[in-house]
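Q: Below is the file final-v6.pdb, with PDB, C-alpha atoms.
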```pdb
ATOM      1  CA  MET A   1       0.150  54.254  39.434
ATOM      2  CA  LYS A   2       1.260  50.845  40.655
ATOM      3  CA  THR A   3       0.042  49.378  43.942
ATOM      4  CA  LYS A   4       2.439  46.976  45.649
ATOM      5  CA  ILE A   5       0.732  44.198  47.630
ATOM      6  CA  PHE A   6       2.236  41.688  50.031
ATOM      7  CA  LEU A   7      -0.342  38.942  50.595
ATOM      8  CA  VAL A   8       0.551  36.434  53.306
ATOM      9  CA  ARG A   9      -1.090  33.402  54.829
ATOM     10  CA  HIS A  10      -1.569  33.380  58.589
ATOM     11  CA  THR A  11       0.723  31.413  60.870
ATOM     12  CA  GLU A  12       0.137  27.970  62.394
ATOM     13  CA  THR A  13      -2.676  27.489  64.916
ATOM     14  CA  VAL A  14      -3.800  24.697  67.211
ATOM     15  CA  GLY A  15      -6.546  23.926  64.699
ATOM     16  CA  ASN A  16      -3.948  23.357  61.985
ATOM     17  CA  SER A  17      -1.827  21.119  64.182
ATOM     18  CA  GLU A  18      -4.919  19.069  65.070
ATOM     19  CA  GLY A  19      -5.803  18.507  61.407
ATOM     20  CA  ARG A  20      -9.037  20.496  61.438
ATOM     21  CA  LEU A  21     -10.938  22.214  58.641
ATOM     22  CA  THR A  22     -10.124  25.638  60.017
ATOM     23  CA  GLY A  23     -12.512  27.834  58.088
ATOM     24  CA  ARG A  24     -14.432  30.403  60.086
ATOM     25  CA  LYS A  25     -13.637  28.778  63.449
ATOM     26  CA  ASP A  26     -10.637  30.374  65.125
ATOM     27  CA  TYR A  27      -7.807  28.887  67.186
ATOM     28  CA  GLU A  28      -4.853  30.065  69.232
ATOM     29  CA  LEU A  29      -1.343  30.122  67.767
ATOM     30  CA  THR A  30       0.976  27.215  68.480
ATOM     31  CA  HIS A  31       4.504  27.721  69.781
ATOM     32  CA  LYS A  32       5.731  27.121  66.229
ATOM     33  CA  GLY A  33       3.168  29.624  65.003
ATOM     34  CA  GLN A  34       4.533  32.288  67.308
ATOM     35  CA  ALA A  35       8.054  31.568  66.065
ATOM     36  CA  LEU A  36       6.884  31.908  62.461
ATOM     37  CA  VAL A  37       5.371  35.307  63.261
ATOM     38  CA  ALA A  38       8.760  36.413  64.577
ATOM     39  CA  GLN A  39      10.441  35.256  61.356
ATOM     40  CA  LEU A  40       7.857  37.008  59.180
ATOM     41  CA  THR A  41       8.284  40.213  61.160
ATOM     42  CA  GLU A  42      12.050  40.046  60.699
ATOM     43  CA  LYS A  43      11.649  39.387  56.967
ATOM     44  CA  LEU A  44       9.345  42.354  56.290
ATOM     45  CA  LYS A  45      10.465  44.802  58.999
ATOM     46  CA  ASP A  46      12.308  47.118  56.600
ATOM     47  CA  ILE A  47       9.358  47.585  54.233
ATOM     48  CA  HIS A  48       7.255  50.683  54.846
ATOM     49  CA  PHE A  49       3.596  49.736  54.609
ATOM     50  CA  SER A  50       0.927  52.398  54.193
ATOM     51  CA  LYS A  51      -2.007  50.169  55.138
ATOM     52  CA  MET A  52      -2.628  46.705  56.553
ATOM     53  CA  TYR A  53      -5.626  44.411  56.230
ATOM     54  CA  ALA A  54      -6.624  41.062  57.714
ATOM     55  CA  SER A  55      -9.671  38.846  57.899
ATOM     56  CA  THR A  56     -11.880  38.912  60.987
ATOM     57  CA  SER A  57     -10.095  35.833  62.368
ATOM     58  CA  GLY A  58      -7.714  36.416  65.246
ATOM     59  CA  ARG A  59      -5.039  34.263  63.651
ATOM     60  CA  THR A  60      -4.562  36.655  60.734
ATOM     61  CA  VAL A  61      -4.437  39.704  62.983
ATOM     62  CA  LYS A  62      -1.877  38.115  65.312
ATOM     63  CA  THR A  63       0.282  37.150  62.320
ATOM     64  CA  ILE A  64       0.867  40.744  61.217
ATOM     65  CA  GLU A  65       0.292  42.603  64.488
ATOM     66  CA  PRO A  66       4.031  43.092  65.207
ATOM     67  CA  LEU A  67       4.478  44.590  61.732
ATOM     68  CA  ALA A  68       1.498  46.865  62.291
ATOM     69  CA  LYS A  69       3.128  48.158  65.476
ATOM     70  CA  LEU A  70       6.405  48.785  63.654
ATOM     71  CA  ASN A  71       4.520  50.841  61.052
ATOM     72  CA  ASN A  72       2.237  52.552  63.601
ATOM     73  CA  LEU A  73      -0.804  51.185  61.800
ATOM     74  CA  THR A  74      -4.175  49.825  62.822
ATOM     75  CA  ILE A  75      -5.131  46.613  61.026
ATOM     76  CA  GLU A  76      -8.405  46.891  59.109
ATOM     77  CA  GLN A  77     -10.357  43.647  59.408
ATOM     78  CA  LEU A  78     -12.608  42.510  56.558
ATOM     79  CA  GLU A  79     -15.005  39.568  56.580
ATOM     80  CA  SER A  80     -14.473  39.194  52.827
ATOM     81  CA  LEU A  81     -10.829  38.179  53.426
ATOM     82  CA  SER A  82     -11.955  35.182  55.507
ATOM     83  CA  GLU A  83     -11.225  31.545  54.781
ATOM     84  CA  MET A  84     -13.615  29.320  52.861
ATOM     85  CA  TYR A  85     -16.630  28.352  54.962
ATOM     86  CA  PHE A  86     -16.589  24.576  55.331
ATOM     87  CA  GLY A  87     -20.305  24.258  55.970
ATOM     88  CA  ILE A  88     -21.493  21.814  58.612
ATOM     89  CA  TYR A  89     -17.953  20.486  59.078
ATOM     90  CA  ASP A  90     -16.314  23.844  59.786
ATOM     91  CA  GLY A  91     -13.906  23.261  62.658
ATOM     92  CA  TRP A  92     -14.151  19.459  62.515
ATOM     93  CA  LYS A  93     -11.096  17.234  62.399
ATOM     94  CA  TRP A  94     -10.536  15.532  59.057
ATOM     95  CA  GLU A  95     -10.635  12.140  60.779
ATOM     96  CA  GLU A  96     -14.161  12.931  61.976
ATOM     97  CA  VAL A  97     -15.276  13.997  58.504
ATOM     98  CA  ASN A  98     -13.752  10.855  56.988
ATOM     99  CA  GLN A  99     -15.951   8.692  59.174
ATOM    100  CA  ILE A 100     -19.071  10.274  57.663
ATOM    101  CA  GLN A 101     -18.094  11.355  54.146
ATOM    102  CA  PRO A 102     -14.711   9.880  53.135
ATOM    103  CA  GLU A 103     -15.372  10.858  49.530
ATOM    104  CA  ILE A 104     -14.686  14.524  50.396
ATOM    105  CA  LYS A 105     -11.035  13.868  51.227
ATOM    106  CA  ASN A 106     -10.703  11.401  48.343
ATOM    107  CA  THR A 107     -11.960  14.050  45.928
ATOM    108  CA  GLN A 108      -9.608  16.643  47.376
ATOM    109  CA  ASN A 109      -6.683  14.280  46.841
ATOM    110  CA  GLU A 110      -7.732  13.860  43.205
ATOM    111  CA  ILE A 111      -8.593  17.410  42.135
ATOM    112  CA  ASN A 112      -7.200  19.573  44.978
ATOM    113  CA  GLU A 113     -10.640  21.028  45.728
ATOM    114  CA  ILE A 114     -12.928  20.624  48.723
ATOM    115  CA  VAL A 115     -16.432  19.855  47.472
ATOM    116  CA  GLY A 116     -19.484  18.013  48.722
ATOM    117  CA  ILE A 117     -19.831  19.446  52.231
ATOM    118  CA  PRO A 118     -23.415  20.480  52.995
ATOM    119  CA  LYS A 119     -23.801  24.284  53.134
ATOM    120  CA  GLN A 120     -20.150  24.921  52.275
ATOM    121  CA  GLU A 121     -18.844  27.859  50.270
ATOM    122  CA  THR A 122     -17.621  26.850  46.809
ATOM    123  CA  MET A 123     -14.127  27.478  45.459
ATOM    124  CA  GLU A 124     -15.589  29.778  42.814
ATOM    125  CA  GLU A 125     -17.456  31.792  45.427
ATOM    126  CA  VAL A 126     -14.265  32.179  47.451
ATOM    127  CA  ALA A 127     -12.261  33.207  44.370
ATOM    128  CA  ASN A 128     -14.870  35.778  43.319
ATOM    129  CA  ARG A 129     -15.194  37.473  46.707
ATOM    130  CA  MET A 130     -11.404  37.559  47.098
ATOM    131  CA  MET A 131     -10.955  39.054  43.626
ATOM    132  CA  LYS A 132     -13.594  41.696  44.334
ATOM    133  CA  THR A 133     -12.076  42.572  47.706
ATOM    134  CA  MET A 134      -8.460  42.591  46.535
ATOM    135  CA  THR A 135      -9.329  44.781  43.549
ATOM    136  CA  ARG A 136     -11.143  47.287  45.756
ATOM    137  CA  ILE A 137      -8.259  47.405  48.242
ATOM    138  CA  ALA A 138      -5.705  47.865  45.456
ATOM    139  CA  LYS A 139      -7.657  50.739  43.920
ATOM    140  CA  GLU A 140      -8.139  52.433  47.276
ATOM    141  CA  ASN A 141      -4.369  52.331  47.880
ATOM    142  CA  GLU A 142      -3.102  53.352  44.463
ATOM    143  CA  GLY A 143       0.647  53.949  44.427
ATOM    144  CA  LYS A 144       1.119  52.585  47.956
ATOM    145  CA  THR A 145       2.630  49.452  49.488
ATOM    146  CA  ILE A 146       0.194  47.408  51.568
ATOM    147  CA  LEU A 147       0.167  44.199  53.602
ATOM    148  CA  ILE A 148      -2.760  41.767  53.644
ATOM    149  CA  CYS A 149      -3.090  38.620  55.766
ATOM    150  CA  SER A 150      -5.631  36.003  54.745
ATOM    151  CA  HIS A 151      -6.013  32.211  54.565
ATOM    152  CA  GLY A 152      -4.668  29.266  52.584
ATOM    153  CA  VAL A 153      -7.630  28.306  50.412
ATOM    154  CA  ALA A 154      -8.794  31.906  50.013
ATOM    155  CA  ILE A 155      -5.382  33.128  48.846
ATOM    156  CA  GLU A 156      -4.837  30.181  46.523
ATOM    157  CA  ALA A 157      -8.290  30.583  44.962
ATOM    158  CA  PHE A 158      -7.602  34.276  44.303
ATOM    159  CA  LEU A 159      -4.155  33.730  42.794
ATOM    160  CA  ARG A 160      -5.394  30.900  40.591
ATOM    161  CA  LYS A 161      -8.197  33.120  39.325
ATOM    162  CA  ILE A 162      -5.638  35.760  38.328
ATOM    163  CA  GLU A 163      -3.656  33.209  36.337
ATOM    164  CA  GLY A 164      -6.634  31.139  35.129
ATOM    165  CA  ILE A 165      -5.061  27.943  36.461
ATOM    166  CA  PRO A 166      -7.387  25.229  37.872
ATOM    167  CA  PHE A 167      -6.765  23.744  41.314
ATOM    168  CA  LYS A 168      -5.687  20.382  39.912
ATOM    169  CA  ASP A 169      -2.664  21.924  38.172
ATOM    170  CA  LYS A 170       0.623  23.180  39.681
ATOM    171  CA  ARG A 171      -0.290  22.113  43.206
ATOM    172  CA  GLN A 172       3.131  22.658  44.753
ATOM    173  CA  GLU A 173       3.651  26.059  43.159
ATOM    174  CA  PHE A 174       0.378  27.511  44.483
ATOM    175  CA  CYS A 175       0.305  25.720  47.857
ATOM    176  CA  GLN A 176       0.114  28.322  50.633
ATOM    177  CA  HIS A 177       2.162  27.138  53.591
ATOM    178  CA  HIS A 178       2.005  29.092  56.840
ATOM    179  CA  VAL A 179       3.367  32.664  56.484
ATOM    180  CA  ALA A 180       3.998  32.136  52.761
ATOM    181  CA  ILE A 181       4.612  35.469  51.045
ATOM    182  CA  ASN A 182       2.949  36.427  47.769
ATOM    183  CA  GLU A 183       4.031  39.713  46.218
ATOM    184  CA  LEU A 184       1.832  41.353  43.600
ATOM    185  CA  ASP A 185       1.567  44.546  41.590
ATOM    186  CA  PHE A 186      -1.762  46.078  40.615
ATOM    187  CA  GLU A 187      -1.720  48.450  37.647
ATOM    188  CA  ASP A 188      -4.088  49.208  34.758
ATOM    189  CA  GLU A 189      -6.858  47.091  36.339
ATOM    190  CA  ARG A 190      -4.668  43.978  36.424
ATOM    191  CA  PHE A 191      -2.764  41.978  39.013
ATOM    192  CA  LYS A 192       0.723  40.669  38.322
ATOM    193  CA  ILE A 193       2.265  38.015  40.578
ATOM    194  CA  ASN A 194       5.952  38.708  41.232
ATOM    195  CA  GLN A 195       6.439  36.254  44.090
ATOM    196  CA  LEU A 196       4.302  33.146  44.590
ATOM    197  CA  ALA A 197       3.905  31.280  47.910
ATOM    198  CA  ASN A 198       7.495  32.003  48.903
ATOM    199  CA  ILE A 199       8.742  30.233  52.044
ATOM    200  CA  ASN A 200      12.376  29.872  50.955
ATOM    201  CA  TRP A 201      13.355  32.622  53.387
ATOM    202  CA  LEU A 202      12.190  30.651  56.426
ATOM    203  CA  LYS A 203      14.799  29.274  58.798
ATOM    204  CA  GLU A 204      14.379  25.741  60.090
ATOM    205  CA  GLU A 205      13.182  25.645  63.680
TER     206      GLU A 205
END
```
What does the file become when written as structure tokens?

A:
Amino acid sequence: MKTKIFLVRHTETVGNSEGRLTGRKDYELTHKGQALVAQLTEKLKDIHFSKMYASTSGRTVKTIEPLAKLNNLTIEQLESLSEMYFGIYDGWKWEEVNQIQPEIKNTQNEINEIVGIPKQETMEEVANRMMKTMTRIAKENEGKTILICSHGVAIEAFLRKIEGIPFKDKRQEFCQHHVAINELDFEDERFKINQLANINWLKEE
């Protein structure tokens, strides 16, 4: 039986607006972020979800909380759906990191990967834990429609692993803007992407 999965990135936070590496550190939603939550809720309000999951960050929970209330569901929070851990710079502003290790941002601009931070989680580690978690969730909800809220790098790493596409390729297609919707099917031990990083439904604020 086919499992239908809606995988969305969380909405905008103060950390995002301040240009921070928002990994495991959490931040309150901005006014724009709250407006995006309202738009996401309106977009998905007519879909009946059987289960909802989010990372342990408040920003993911707050993004789908209105939809959870509409479906009379409790959001299950999983540490394994969290964002990449940015090591010693987790929560720092990029401008602060650039003063110490400018090569990190330069490398990201070249290959679309964040590498070189002491004690950071690697892209491959993020992709593997996301694949393991998403597969388990899909199997546990066989034949159902579920909603999952995670983070930009984590979602992109997972989707790229499905397709076998490196981070340096198709940057725009895989880029996870705030409240981007990814729709997937899981059947016969495989994921199929039906909708990738869709924000075309958003109304301009």

Q: Using the chain letters and residue numbers of this document, give as a VMD selection string the residues selected by the PyMOL selection byres ((chain A and resi 83) around 8).

A: chain A and resid 22 to 24 81 to 82 84 to 85 126 150 to 154

Q: Give me, as a PyMOL selection string, all polymer residues having an atom no more than 12 Å from stretch 181-195 of chain A, counting all atoms listed in the file and skipping those fewer than 5 positions away in the same chain.

A: chain A and resi 1-11+39-41+43-44+131-132+134-152+155-156+158-163+173-176+200-202

Q: Please determine, counting only C-alpha atoms, which residue among A:Ala54, A:Ile117, A:Glu79, A:Gln34 has the shortest atom-to-atom distance to A:Lys105.

A: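 Answer, going by the shortest atom-to-atom distance: A:Ile117.
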
Q: One decimal, Å: what's the distance from atom CA of A:Gly58 over to atom CA of A:Arg171, could you say?

A: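 If I compute the distance from atom CA of A:Gly58 to atom CA of A:Arg171, I get 27.3 Å.
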
Q: Using Å and a single decimal, report how far atom CA of A:Glu18 sits from atom CA of A:Asn109.

A: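 Distance between the two atoms: 18.9 Å.
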
Q: Starting from the displayed file, determine the output of the PyMOL selection byres ((chain A and resi 31) around 12) and express the residue list as a list in words.

A: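 When the PyMOL selection byres ((chain A and resi 31) around 12) is applied to the shown file, the picked residues are Thr11, Glu12, Thr13, Val14, Ser17, Glu28, Leu29, Thr30, Lys32, Gly33, Gln34, Ala35, Leu36, Val37, Ala38 and Glu205 of chain A.
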
Q: Output C-alpha atoms for every residue in that selection, as a CSV table (one decimal), keeping the file's coordinate frame.

A:
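Okay, this is what ended up in again_17.csv:
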```csv
chain,number,residue,atom,x,y,z
A,11,THR,CA,0.7,31.4,60.9
A,12,GLU,CA,0.1,28.0,62.4
A,13,THR,CA,-2.7,27.5,64.9
A,14,VAL,CA,-3.8,24.7,67.2
A,17,SER,CA,-1.8,21.1,64.2
A,28,GLU,CA,-4.9,30.1,69.2
A,29,LEU,CA,-1.3,30.1,67.8
A,30,THR,CA,1.0,27.2,68.5
A,32,LYS,CA,5.7,27.1,66.2
A,33,GLY,CA,3.2,29.6,65.0
A,34,GLN,CA,4.5,32.3,67.3
A,35,ALA,CA,8.1,31.6,66.1
A,36,LEU,CA,6.9,31.9,62.5
A,37,VAL,CA,5.4,35.3,63.3
A,38,ALA,CA,8.8,36.4,64.6
A,205,GLU,CA,13.2,25.6,63.7
```

Q: Between atom CA of A:Leu78 and atom CA of A:Val115, what is the distance in Å, rounded to a tenth?

A: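 If I compute the distance from atom CA of A:Leu78 to atom CA of A:Val115, I get 24.7 Å.
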
Q: Ranking A:Lys51, A:Arg20, A:Lys119, A:Lys203 by minimum distance to A:Val97 and counting all atoms listed in the file, which one comes first?

A: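 The answer is A:Arg20, which sits nearest to A:Val97.
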
Q: Name the residues that the PyMOL selection byres ((chain A and resi 76) around 7) picks from the file above, as an mmCIF file with C-alpha atoms, keeping the file's coordinate frame, using the file's chain letters and numbers.

A:
```cif
data_model
loop_
_atom_site.group_PDB
_atom_site.id
_atom_site.type_symbol
_atom_site.label_atom_id
_atom_site.label_comp_id
_atom_site.auth_asym_id
_atom_site.auth_seq_id
_atom_site.Cartn_x
_atom_site.Cartn_y
_atom_site.Cartn_z
ATOM 1 C CA MET A 52 -2.628 46.705 56.553
ATOM 2 C CA TYR A 53 -5.626 44.411 56.230
ATOM 3 C CA ALA A 54 -6.624 41.062 57.714
ATOM 4 C CA THR A 74 -4.175 49.825 62.822
ATOM 5 C CA ILE A 75 -5.131 46.613 61.026
ATOM 6 C CA GLN A 77 -10.357 43.647 59.408
ATOM 7 C CA LEU A 78 -12.608 42.510 56.558
#
```

Q: Using only C-alpha atoms, can you tell me which of A:Thr133, A:Ser50, A:Thr56, A:Asn72 comes closest to A:Asp26?

A: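 Using only C-alpha atoms, the shortest distance to A:Asp26 belongs to A:Thr56.
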